[in-house]
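Asker: My structure is below; once you've seen it, I'll send some questions.
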Amino acid sequence: MRWHVDQAAQVFDRLDLDEAVTTVLHGDFTPWNLLYEGENLTGVLDFEATHLNYRVADFANSWRGYQDEVIEGYEEVCKLSDLDWELLMPVYWAWMFIGVKKSIETSLEEKGALPDFEWQIRHLLRREGLMSRLARPYPK
């Protein structure tokens with residue numbers, strides 16, 4: 001996990017983040033918070049995580065590192081900038097780090113419960129589809 005933190009930090013340090021587009025985000029824009037009638041999106045639920053952030057943060061979370069159609073669909077509506085593409089991977093990993101933090105907090109609150117990082121680790125290890133092109137390979 002440390003390798004991912006270091007990689008994300010290097011990207012954030014290298015980029016001029018003042019140039020990144022920010023907007024009010026849903027914060028949990030995931031399939032279970034979307035309502036459909038047939039194939040038509042009819043509603044969005046669950047707005048308690050709404051916040052100001054880089055626009056790439058909302059669809060990076062929805063992407064989950066493997067649902068490439070989320071990124072492709074977004075690009076059909078609003079072209080991603082080069083900066084968005086550079087931010088996609090470290091922002092996605094940042095969501096995983098937030099999940100690790102929450103697991104640790106839950107573990108401390110429930111004294112004696114061991115934190116479970118399986119979900120985050122599986123997602124950090126993904127290397128297929130867009131992820132294979134965006135994430136640097138692991139060192140040998």
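Lettering and numbering for the structure tokens are positional, with chains as A, B, ... in the shown order, residues counted from 1 in each chain, and ligands counted from 1 in the shown order.
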For the structure I just gave you, how does DSSP split segment 59-104 of chain A - specifically, which residues are alpha helix (DSSP H)? Reply as a short mmCIF file (atom, residue, chain, number, x, y, z; two decimals) with N, CA and C atoms, in the first residue's frame.
Answerer:
data_model
loop_
_atom_site.label_atom_id
_atom_site.label_comp_id
_atom_site.auth_asym_id
_atom_site.auth_seq_id
_atom_site.Cartn_x
_atom_site.Cartn_y
_atom_site.Cartn_z
N PHE A 59 -16.03 10.62 -10.80
CA PHE A 59 -16.07 9.45 -11.68
C PHE A 59 -14.92 8.50 -11.43
N ALA A 60 -13.83 8.94 -10.78
CA ALA A 60 -12.78 8.01 -10.38
C ALA A 60 -13.33 7.01 -9.38
N ASN A 61 -14.16 7.48 -8.46
CA ASN A 61 -14.80 6.61 -7.48
C ASN A 61 -15.76 5.63 -8.16
N SER A 62 -16.53 6.12 -9.12
CA SER A 62 -17.47 5.26 -9.84
C SER A 62 -16.76 4.24 -10.72
N TRP A 63 -15.64 4.62 -11.24
CA TRP A 63 -14.86 3.77 -12.13
C TRP A 63 -14.44 2.48 -11.45
N ASP A 68 -14.55 0.66 -17.04
CA ASP A 68 -14.06 1.65 -17.99
C ASP A 68 -15.18 2.39 -18.71
N GLU A 69 -16.37 1.78 -18.79
CA GLU A 69 -17.48 2.46 -19.47
C GLU A 69 -17.89 3.74 -18.74
N VAL A 70 -17.58 3.86 -17.46
CA VAL A 70 -17.86 5.10 -16.72
C VAL A 70 -17.01 6.23 -17.31
N ILE A 71 -15.73 5.96 -17.52
CA ILE A 71 -14.83 6.98 -18.07
C ILE A 71 -15.20 7.27 -19.53
N GLU A 72 -15.46 6.22 -20.29
CA GLU A 72 -15.83 6.40 -21.69
C GLU A 72 -17.11 7.21 -21.82
N GLY A 73 -18.10 6.94 -20.98
CA GLY A 73 -19.35 7.69 -21.00
C GLY A 73 -19.14 9.14 -20.63
N TYR A 74 -18.31 9.39 -19.63
CA TYR A 74 -18.03 10.77 -19.24
C TYR A 74 -17.37 11.52 -20.39
N GLU A 75 -16.41 10.87 -21.05
CA GLU A 75 -15.70 11.50 -22.16
C GLU A 75 -16.64 11.84 -23.32
N GLU A 76 -17.71 11.07 -23.50
CA GLU A 76 -18.69 11.38 -24.55
C GLU A 76 -19.40 12.70 -24.27
N VAL A 77 -19.59 13.01 -23.00
CA VAL A 77 -20.32 14.22 -22.60
C VAL A 77 -19.38 15.39 -22.38
N ASP A 82 -5.88 16.72 -20.27
CA ASP A 82 -4.67 15.96 -19.94
C ASP A 82 -4.48 15.90 -18.43
N LEU A 83 -4.77 17.00 -17.75
CA LEU A 83 -4.64 17.03 -16.29
C LEU A 83 -5.63 16.06 -15.64
N ASP A 84 -6.86 15.99 -16.13
CA ASP A 84 -7.82 15.02 -15.61
C ASP A 84 -7.27 13.60 -15.73
N TRP A 85 -6.72 13.28 -16.90
CA TRP A 85 -6.17 11.93 -17.11
C TRP A 85 -5.02 11.65 -16.14
N GLU A 86 -4.18 12.66 -15.89
CA GLU A 86 -3.07 12.46 -14.95
C GLU A 86 -3.56 12.30 -13.52
N LEU A 87 -4.67 12.96 -13.20
CA LEU A 87 -5.22 12.89 -11.84
C LEU A 87 -6.04 11.62 -11.58
N LEU A 88 -6.54 10.99 -12.62
CA LEU A 88 -7.47 9.87 -12.45
C LEU A 88 -6.92 8.77 -11.55
N MET A 89 -5.73 8.30 -11.80
CA MET A 89 -5.17 7.21 -11.02
C MET A 89 -4.90 7.60 -9.56
N PRO A 90 -4.15 8.70 -9.30
CA PRO A 90 -3.90 9.04 -7.89
C PRO A 90 -5.18 9.41 -7.13
N VAL A 91 -6.15 10.02 -7.81
CA VAL A 91 -7.41 10.35 -7.12
C VAL A 91 -8.17 9.06 -6.79
N TYR A 92 -8.18 8.12 -7.72
CA TYR A 92 -8.81 6.82 -7.46
C TYR A 92 -8.15 6.14 -6.25
N TRP A 93 -6.82 6.12 -6.25
CA TRP A 93 -6.13 5.52 -5.12
C TRP A 93 -6.43 6.26 -3.83
N ALA A 94 -6.58 7.59 -3.89
CA ALA A 94 -6.92 8.36 -2.69
C ALA A 94 -8.24 7.88 -2.09
N TRP A 95 -9.23 7.52 -2.96
CA TRP A 95 -10.49 6.96 -2.45
C TRP A 95 -10.21 5.67 -1.69
N MET A 96 -9.29 4.85 -2.19
CA MET A 96 -8.96 3.60 -1.50
C MET A 96 -8.33 3.89 -0.13
N PHE A 97 -7.47 4.92 -0.07
CA PHE A 97 -6.83 5.28 1.19
C PHE A 97 -7.87 5.77 2.20
N ILE A 98 -8.88 6.50 1.73
CA ILE A 98 -9.95 6.95 2.61
C ILE A 98 -10.69 5.73 3.18
N GLY A 99 -10.91 4.72 2.34
CA GLY A 99 -11.54 3.48 2.81
C GLY A 99 -10.72 2.78 3.88
N VAL A 100 -9.40 2.77 3.71
CA VAL A 100 -8.51 2.17 4.72
C VAL A 100 -8.64 2.94 6.03
N LYS A 101 -8.63 4.27 5.94
CA LYS A 101 -8.77 5.11 7.14
C LYS A 101 -10.08 4.80 7.86
N LYS A 102 -11.17 4.69 7.10
CA LYS A 102 -12.47 4.39 7.71
C LYS A 102 -12.48 3.02 8.36
N SER A 103 -11.82 2.04 7.74
CA SER A 103 -11.75 0.70 8.33
C SER A 103 -10.99 0.72 9.65
N ILE A 104 -9.93 1.50 9.70
CA ILE A 104 -9.16 1.62 10.95
C ILE A 104 -10.00 2.30 12.03
#
Asker: Residues near segment 20-23 of chain A, anyone? I mean within 9 Å using only C-alpha atoms, not counting same-chain ones fewer than 5 positions away, as a list in words.
Answerer: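 Counting only C-alpha atoms, the residues come to His51, Leu52, Asn53, Tyr54, Arg55, Val56, Ser81, Leu83, Asp84 and Leu87 of chain A.
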Asker: Measuring between only C-alpha atoms, which one of A:Phe29, A:Tyr66, A:Trp3, A:Phe12 shows the shortest distance to Arg127 of chain A?
Answerer: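 Ranking A:Phe29, A:Tyr66, A:Trp3, A:Phe12 by distance to Arg127 of chain A, first place goes to A:Tyr66.
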Asker: As a VMD selection string, please: every residue in chain A that a backbone DSSP assignment puts in strand (DSSP E or B).
Answerer: chain A and resid 22 to 25 34 to 37 40 to 44 51 to 54
Asker: For Trp32 of chain A, which of A:Val11, A:Leu125, A:Leu80, A:Val44 is the closest residue, counting only C-alpha atoms?
Answerer: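 Distance minimum relative to Trp32 of chain A lands on A:Val44.
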Asker: Please compute the atom CA of Arg64 of chain A-atom CA of Glu110 of chain A distance, one decimal, in Å.
Answerer: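 One can read the atom CA of Arg64 of chain A to atom CA of Glu110 of chain A distance as 27.5 Å.
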